[in-house]
$ cat start-v2.txt   # compact mmCIF, C-alpha atoms
# COMPACT_ATOMS: atom_id res chain seq x y z
CA MET Q 7 0.33 31.39 -69.11
CA SER Q 8 0.04 34.83 -70.68
CA GLY Q 9 2.79 37.42 -70.62
CA LEU Q 10 0.63 39.57 -68.36
CA ASP Q 11 0.20 36.71 -65.88
CA LYS Q 12 3.93 36.05 -65.92
CA LEU Q 13 4.70 39.69 -65.31
CA THR Q 14 2.31 39.75 -62.36
CA LEU Q 15 3.95 36.68 -60.80
CA VAL Q 16 7.52 37.87 -61.26
CA CYS Q 17 6.80 41.37 -60.02
CA ALA Q 18 5.09 39.85 -56.99
CA ALA Q 19 8.31 37.98 -56.28
CA ALA Q 20 10.30 41.17 -56.73
CA LEU Q 21 7.99 42.96 -54.31
CA ALA Q 22 8.68 40.28 -51.72
CA LEU Q 23 12.41 40.86 -52.23
CA GLY Q 24 12.10 44.65 -52.21
CA ALA Q 25 13.14 44.79 -55.88
CA CYS Q 26 10.17 46.85 -57.04
CA ASP Q 27 7.30 48.77 -55.50
CA ALA Q 28 3.55 48.87 -56.07
CA ALA Q 29 3.83 51.87 -58.40
CA THR Q 30 6.35 50.00 -60.55
CA GLU Q 31 4.07 46.98 -60.71
CA THR Q 32 1.08 49.12 -61.74
CA ALA Q 33 3.09 50.89 -64.43
CA ALA Q 34 4.49 47.63 -65.77
CA LEU Q 35 1.06 46.02 -65.98
CA ALA Q 36 -0.37 49.05 -67.76
CA VAL Q 37 2.38 49.02 -70.38
CA ALA Q 38 2.09 45.25 -70.87
CA ALA Q 39 -1.66 45.49 -71.34
CA GLU Q 40 -1.33 48.37 -73.78
CA ALA Q 41 1.42 46.85 -75.94
CA PRO Q 42 2.17 43.16 -75.27
CA ALA Q 43 5.81 42.28 -75.86
CA PRO Q 44 8.05 39.22 -75.57
CA GLU Q 45 8.62 38.41 -71.90
CA ALA Q 46 12.38 38.76 -72.38
CA GLU Q 47 11.76 42.48 -72.89
CA VAL Q 48 9.59 42.93 -69.82
CA SER Q 49 12.56 44.00 -67.69
CA GLU Q 50 12.77 47.17 -69.77
CA ARG Q 51 9.15 47.91 -68.94
CA GLY Q 52 9.37 47.80 -65.15
CA GLY Q 53 9.11 44.05 -64.46
CA ASP Q 54 11.48 41.12 -64.77
CA ALA Q 55 11.87 38.59 -67.55
CA TRP Q 56 11.84 34.82 -67.54
CA CYS Q 57 15.48 33.75 -67.88
CA ASP Q 58 14.77 31.11 -70.53
CA GLU Q 59 13.00 33.56 -72.84
CA PHE Q 60 15.97 35.79 -73.59
CA GLU Q 61 17.32 35.57 -77.11
CA ALA Q 62 20.78 34.04 -77.54
CA GLY Q 63 23.46 36.47 -76.38
CA GLU Q 64 21.05 38.57 -74.31
CA GLY Q 65 20.11 38.77 -70.65
CA ALA Q 66 23.52 38.32 -69.02
CA SER Q 67 23.52 39.57 -65.39
CA THR Q 68 19.88 40.65 -65.70
CA ASP Q 69 17.31 39.99 -62.97
CA CYS Q 70 15.07 37.16 -64.10
CA ALA Q 71 13.00 34.19 -62.93
CA LEU Q 72 13.02 30.48 -63.78
CA ARG Q 73 9.95 28.27 -63.58
CA VAL Q 74 10.83 24.94 -61.91
CA ASP Q 75 7.36 23.37 -62.18
CA ASP Q 76 3.71 24.32 -61.70
CA GLN Q 77 4.34 25.02 -58.01
CA ARG Q 78 7.75 26.68 -57.78
CA PHE Q 79 10.02 29.24 -59.38
CA LEU Q 80 13.48 30.71 -58.77
CA TYR Q 81 14.38 34.40 -58.77
CA LEU Q 82 17.88 35.74 -59.54
CA ASP Q 83 18.48 39.24 -58.20
CA TYR Q 84 21.77 40.76 -59.40
CA LEU Q 85 23.55 43.34 -57.25
CA THR Q 86 25.72 45.97 -58.94
CA ASP Q 87 28.95 47.58 -57.79
CA ASP Q 88 29.74 51.30 -57.78
CA ASP Q 89 30.54 51.16 -61.51
CA GLY Q 90 27.18 49.62 -62.35
CA TYR Q 91 28.51 46.13 -63.08
CA ALA Q 92 26.92 43.02 -61.59
CA SER Q 93 29.24 41.74 -58.87
CA GLN Q 94 26.93 39.49 -56.85
CA LEU Q 95 23.55 37.84 -57.10
CA VAL Q 96 21.03 36.53 -54.60
CA LEU Q 97 19.04 33.43 -55.48
CA SER Q 98 15.63 32.98 -53.87
CA GLN Q 99 13.30 30.00 -54.17
CA HIS Q 100 9.52 30.52 -54.13
CA ARG Q 101 6.14 28.91 -54.45
CA PHE Q 102 3.77 30.58 -56.89
CA ALA Q 103 1.33 30.76 -53.98
CA GLY Q 104 3.62 33.38 -52.43
CA THR Q 105 5.82 31.43 -50.00
CA THR Q 106 9.57 32.09 -50.00
CA LEU Q 107 11.28 28.74 -49.47
CA ALA Q 108 14.93 29.80 -49.28
CA THR Q 109 17.23 32.74 -49.99
CA SER Q 110 20.94 32.41 -50.63
CA GLU Q 111 23.80 34.48 -49.34
CA PRO Q 112 25.21 36.82 -52.02
CA ILE Q 113 27.08 34.85 -54.71
CA ASP Q 114 30.11 36.50 -56.34
CA VAL Q 115 29.87 36.81 -60.12
CA GLU Q 116 31.95 38.36 -62.90
CA PRO Q 117 31.07 39.37 -66.47
CA VAL Q 118 29.41 36.41 -68.20
CA TYR Q 119 27.84 35.29 -71.44
CA GLY Q 120 24.31 33.96 -71.20
CA VAL Q 121 21.90 33.45 -68.35
CA ALA Q 122 21.06 30.87 -65.70
CA GLY Q 123 19.11 27.81 -66.76
CA LEU Q 124 17.70 24.45 -65.70
CA ARG Q 125 18.97 21.14 -67.09
CA ASP Q 126 18.84 17.56 -65.81
CA LEU Q 127 22.56 16.83 -65.58
CA ASP Q 128 22.50 13.38 -63.98
CA GLY Q 129 19.43 11.86 -65.62
CA ASP Q 130 17.42 11.52 -62.41
CA GLY Q 131 14.44 13.39 -63.84
CA ALA Q 132 14.94 16.51 -61.70
CA ALA Q 133 16.65 19.51 -63.27
CA GLU Q 134 19.76 21.11 -61.84
CA LEU Q 135 20.17 24.88 -61.77
CA LEU Q 136 23.24 26.29 -63.52
CA ILE Q 137 24.27 29.85 -62.69
CA PRO Q 138 27.02 31.44 -64.83
CA LEU Q 139 29.76 32.84 -62.58
CA PHE Q 140 32.29 34.13 -65.11
CA SER Q 141 33.18 33.69 -68.78
CA GLY Q 142 36.43 33.49 -70.69
CA ASN Q 143 36.85 33.73 -74.45
CA VAL Q 144 35.00 30.44 -75.00
CA ASN Q 145 34.17 28.70 -71.73
CA THR Q 146 31.89 29.74 -68.90
CA VAL Q 147 32.14 28.52 -65.31
CA PHE Q 148 28.77 27.60 -63.81
CA SER Q 149 27.71 27.08 -60.22
CA VAL Q 150 25.68 23.85 -60.14
CA TRP Q 151 22.70 23.59 -57.78
CA HIS Q 152 21.11 20.17 -57.19
CA GLN Q 153 17.54 19.54 -56.04
CA ASP Q 154 17.17 17.50 -52.86
CA GLU Q 155 14.25 15.21 -52.08
CA THR Q 156 12.15 18.19 -50.96
CA GLY Q 157 12.76 20.09 -54.20
CA LEU Q 158 15.07 22.71 -52.69
CA PHE Q 159 18.21 23.62 -54.63
CA ALA Q 160 21.65 23.64 -52.99
CA PRO Q 161 25.11 24.22 -54.55
CA VAL Q 162 27.18 21.08 -55.24
CA GLY Q 163 30.14 22.44 -57.20
CA GLU Q 164 31.17 24.08 -60.46
CA LEU Q 165 31.33 23.06 -64.12
CA SER Q 166 33.25 24.71 -66.95
CA GLY Q 167 32.17 24.41 -70.56
CA TYR Q 168 30.76 26.00 -73.69
CA GLY Q 169 27.33 26.56 -72.16
CA ILE Q 170 24.33 24.93 -70.53
CA ASP Q 171 23.13 23.28 -73.74
CA SER Q 172 26.51 21.58 -74.22
CA PHE Q 173 26.33 19.64 -70.94
CA GLU Q 174 25.07 16.08 -71.25
CA ALA Q 175 23.73 13.42 -68.88
CA ARG Q 176 25.31 10.09 -69.84
CA ASN Q 177 24.89 6.91 -67.77
CA GLY Q 178 24.62 8.83 -64.52
CA LEU Q 179 27.57 11.08 -65.33
CA VAL Q 180 27.67 14.77 -66.21
CA ILE Q 181 29.66 15.29 -69.43
CA ALA Q 182 31.09 18.79 -69.87
CA PRO Q 183 32.93 19.69 -73.11
CA SER Q 184 35.27 22.68 -73.10
CA ARG Q 185 38.06 24.17 -75.19
CA GLY Q 186 41.63 25.01 -74.27
CA ASN Q 187 42.66 26.54 -77.60
CA ALA Q 188 41.93 26.22 -81.31
CA VAL Q 189 43.08 22.59 -81.52
CA THR Q 190 42.86 21.34 -77.93
CA HIS Q 191 39.48 20.49 -76.46
CA TYR Q 192 38.48 18.65 -73.30
CA GLN Q 193 35.73 16.31 -72.17
CA ALA Q 194 35.27 16.17 -68.40
CA ALA Q 195 32.98 13.69 -66.65
CA SER Q 196 31.72 13.97 -63.10
CA ARG Q 197 28.95 12.61 -60.92
CA ILE Q 198 26.73 14.28 -58.35
CA GLY Q 199 27.47 12.35 -55.16
CA ALA Q 200 27.02 12.72 -51.44
CA SER Q 201 29.94 15.16 -51.24
CA GLY Q 202 28.83 17.19 -54.26
CA LEU Q 203 30.17 17.20 -57.81
CA GLU Q 204 32.87 14.51 -58.00
CA ALA Q 205 35.34 14.29 -60.92
CA VAL Q 206 35.49 10.89 -62.68
CA TYR Q 207 37.69 11.49 -65.72
CA GLU Q 208 38.99 14.08 -68.16
CA ILE Q 209 40.03 13.50 -71.77
CA GLU Q 210 42.23 15.88 -73.75
CA ILE Q 211 41.24 15.95 -77.42
CA ASP Q 212 43.82 17.07 -79.99
CA TYR Q 213 42.07 18.03 -83.23
CA GLU Q 214 45.36 18.61 -85.04
CA GLN Q 215 46.75 15.14 -84.30
CA ARG Q 216 43.27 13.58 -84.09
CA THR Q 217 44.13 11.83 -80.85
CA CYS Q 218 42.57 11.56 -77.40
CA GLN Q 219 44.44 11.21 -74.11
CA LEU Q 220 43.06 10.40 -70.67
CA THR Q 221 44.53 13.06 -68.37
CA TYR Q 222 42.65 12.12 -65.20
CA SER Q 223 40.53 9.23 -63.99
CA THR Q 224 39.30 7.64 -60.78
CA ASP Q 225 37.06 4.64 -60.09
CA LEU Q 226 36.29 4.05 -63.77
CA ALA Q 227 35.21 0.47 -63.08
CA ALA Q 228 32.66 1.65 -60.52
CA ALA Q 229 31.12 3.79 -63.26
CA GLY Q 230 31.10 0.86 -65.69
CA LEU Q 231 33.91 2.39 -67.76
CA ASP Q 232 37.43 1.50 -68.84
CA ALA Q 233 40.21 3.67 -70.21
CA ALA Q 234 40.63 1.84 -73.52
CA SER Q 235 36.95 2.14 -74.42
CA LEU Q 236 36.85 5.81 -73.49
CA ILE Q 237 39.79 6.57 -75.78
CA ALA Q 238 38.42 4.42 -78.61
CA ASP Q 239 35.02 6.12 -78.43
CA CYS Q 240 36.66 9.54 -78.34
CA GLU Q 241 38.86 8.88 -81.36
CA ALA Q 242 35.89 7.50 -83.34
CA ARG Q 243 34.38 11.00 -83.41
CA ASP Q 244 33.71 13.01 -86.56
CA TRP Q 245 36.90 15.07 -86.56
CA GLY Q 246 35.45 17.48 -89.08
CA ASN Q 247 33.09 18.94 -86.44
$ encode --input "start-v2.txt" --output "structure tokens"
Amino acid sequence: MSGLDKLTLVCAAALALGACDAATETAALAVAAEAPAPEAEVSERGGDAWCDEFEAGEGASTDCALRVDDQRFLYLDYLTDDDGYASQLVLSQHRFAGTTLATSEPIDVEPVYGVAGLRDLDGDGAAELLIPLFSGNVNTVFSVWHQDETGLFAPVGELSGYGIDSFEARNGLVIAPSRGNAVTHYQAASRIGASGLEAVYEIEIDYEQRTCQLTYSTDLAAAGLDAASLIADCEARDWGN
């Protein structure tokens, strides 16, 4: 799909949400046709970018869209406070044909690093949506949205970690690495169950002592795990990385 086609689709979604008007769309299309640019820069030209086309470190709290498949896309519309900072966002789910499938209530957000993204967290073949809610010095807290059997996304809980690319699907579990300080890191495992995101275990990793400690666990046997193997696997890591 060309950048011009993408711009048309995203601006059409914005029109449906009242985020831009016909004059804005016309101006954006004219600029795009005259001087094509990377889609991540389209927002500066009157349209909205595709979230996954921002360069690393760019696009935080910026209106953007995510393509789910050939039929559907998501639109993130950030709302600013009186000081001009993003304080909430509204997520809407659409068909490319023009149908709005669902619109969320405003979601509270704080300053973040990075943008929303799609990643299959539980290995079921359908991507979850991760929306950054707030960032610390290293870790970011994400709202996790799971697709149901109809393809609609609904929130199931929150994950904290380095970023979307650091999360891993492993044997039906969601593995989320994070850092407490320079020498203390964590590996948290959870599953997406009927009640949402359910914690399974957490391991504290001490890079100074080169040891791992299980700080929380529940129903390890049901997940095909045991404490001794988890610790052994953790301590067999390459401690130089």
$ closest_residue --input "start-v2.txt" --among "Q:Glu208, Q:Glu111, Q:Glu164, Q:Asp75" --to "Val96 in chain Q" --atoms "all atoms listed in the file"
Q:Glu111
$ residues_around --input "start-v2.txt" --residues "range 242-244 of chain Q" --least-positions-apart "4" --cutoff "10 Å" --atoms "all atoms listed in the file" --output "PyMOL selection string"
chain Q and resi 216-218+237-238
$ atom_distance --input "start-v2.txt" --atom1 "CA of Tyr213 in chain Q" --atom2 "CA of Gln193 in chain Q"
12.9 Å
$ closest_residue --input "start-v2.txt" --among "Q:Arg125, Q:Leu80, Q:Thr86, Q:Asp154" --to "Thr105 in chain Q" --atoms "only C-alpha atoms"
Q:Leu80
$ closest_residue --input "start-v2.txt" --among "Q:Ile170, Q:Leu158, Q:Val74, Q:Val115" --to "Ala133 in chain Q" --atoms "all atoms listed in the file"
Q:Val74
$ closest_residue --input "start-v2.txt" --among "Q:Gly90, Q:Gly202, Q:Gly169, Q:Gly246" --to "Pro138 in chain Q" --atoms "only C-alpha atoms"
Q:Gly169
$ atom_distance --input "start-v2.txt" --atom1 "CA of Leu124 in chain Q" --atom2 "CA of Tyr192 in chain Q"
22.9 Å
$ atom_distance --input "start-v2.txt" --atom1 "CA of Leu95 in chain Q" --atom2 "CA of Pro161 in chain Q"
13.9 Å
$ residues_around --input "start-v2.txt" --residues "Gln99 in chain Q" --least-positions-apart "5" --cutoff "6 Å" --atoms "only C-alpha atoms" --output "list in words"
Leu80, Thr106, Leu107 and Ala108 of chain Q
$ write_last_selection --input "start-v2.txt" --atoms "C-alpha atoms" --output "PDB file, in the frame of the given file"
ATOM      1  CA  LEU Q  80      13.480  30.710 -58.770  1.00  0.00           C
ATOM      2  CA  THR Q 106       9.570  32.090 -50.000  1.00  0.00           C
ATOM      3  CA  LEU Q 107      11.280  28.740 -49.470  1.00  0.00           C
ATOM      4  CA  ALA Q 108      14.930  29.800 -49.280  1.00  0.00           C
TER       5      ALA Q 108
END
$ closest_residue --input "start-v2.txt" --among "Q:Phe159, Q:Phe79, Q:Phe102, Q:Tyr168" --to "Tyr119 in chain Q" --atoms "all atoms listed in the file"
Q:Tyr168
$ closest_residue --input "start-v2.txt" --among "Q:Val150, Q:Leu72, Q:Val206, Q:Ala175" --to "Ala227 in chain Q" --atoms "all atoms listed in the file"
Q:Val206
$ axis_aligned_box --input "start-v2.txt" --around "range 157-170 of chain Q" --padding-each-side "4 Å" --output "AutoDock Vina command-line options"
--center_x 23.0 --center_y 23.3 --center_z -63.2 --size_x 28.5 --size_y 14.5 --size_z 29.0
$ residues_around --input "start-v2.txt" --residues "Ser141 in chain Q" --least-positions-apart "2" --cutoff "10 Å" --atoms "all atoms listed in the file" --output "number ranges by chain"
Q: 115-120, 138-139, 143-148, 166-169
$ residues_around --input "start-v2.txt" --residues "Asp130 in chain Q" --least-positions-apart "6" --cutoff "12 Å" --atoms "all atoms listed in the file" --output "list in words"
His152, Gln153, Asp154, Glu155, Ala175, Arg176, Asn177, Gly178, Leu179, Val180, Arg197 and Ile198 of chain Q
$ residues_around --input "start-v2.txt" --residues "range 223-226 of chain Q" --least-positions-apart "4" --cutoff "6 Å" --atoms "all atoms listed in the file" --output "list in words"
Val206, Tyr207, Leu231 and Asp232 of chain Q
$ residues_near_point --input "start-v2.txt" --point "(35.5, 15.2, -75.8)" --cutoff "7 Å" --atoms "all atoms listed in the file" --output "PyMOL selection string"
chain Q and resi 183+191-193+209+211+240
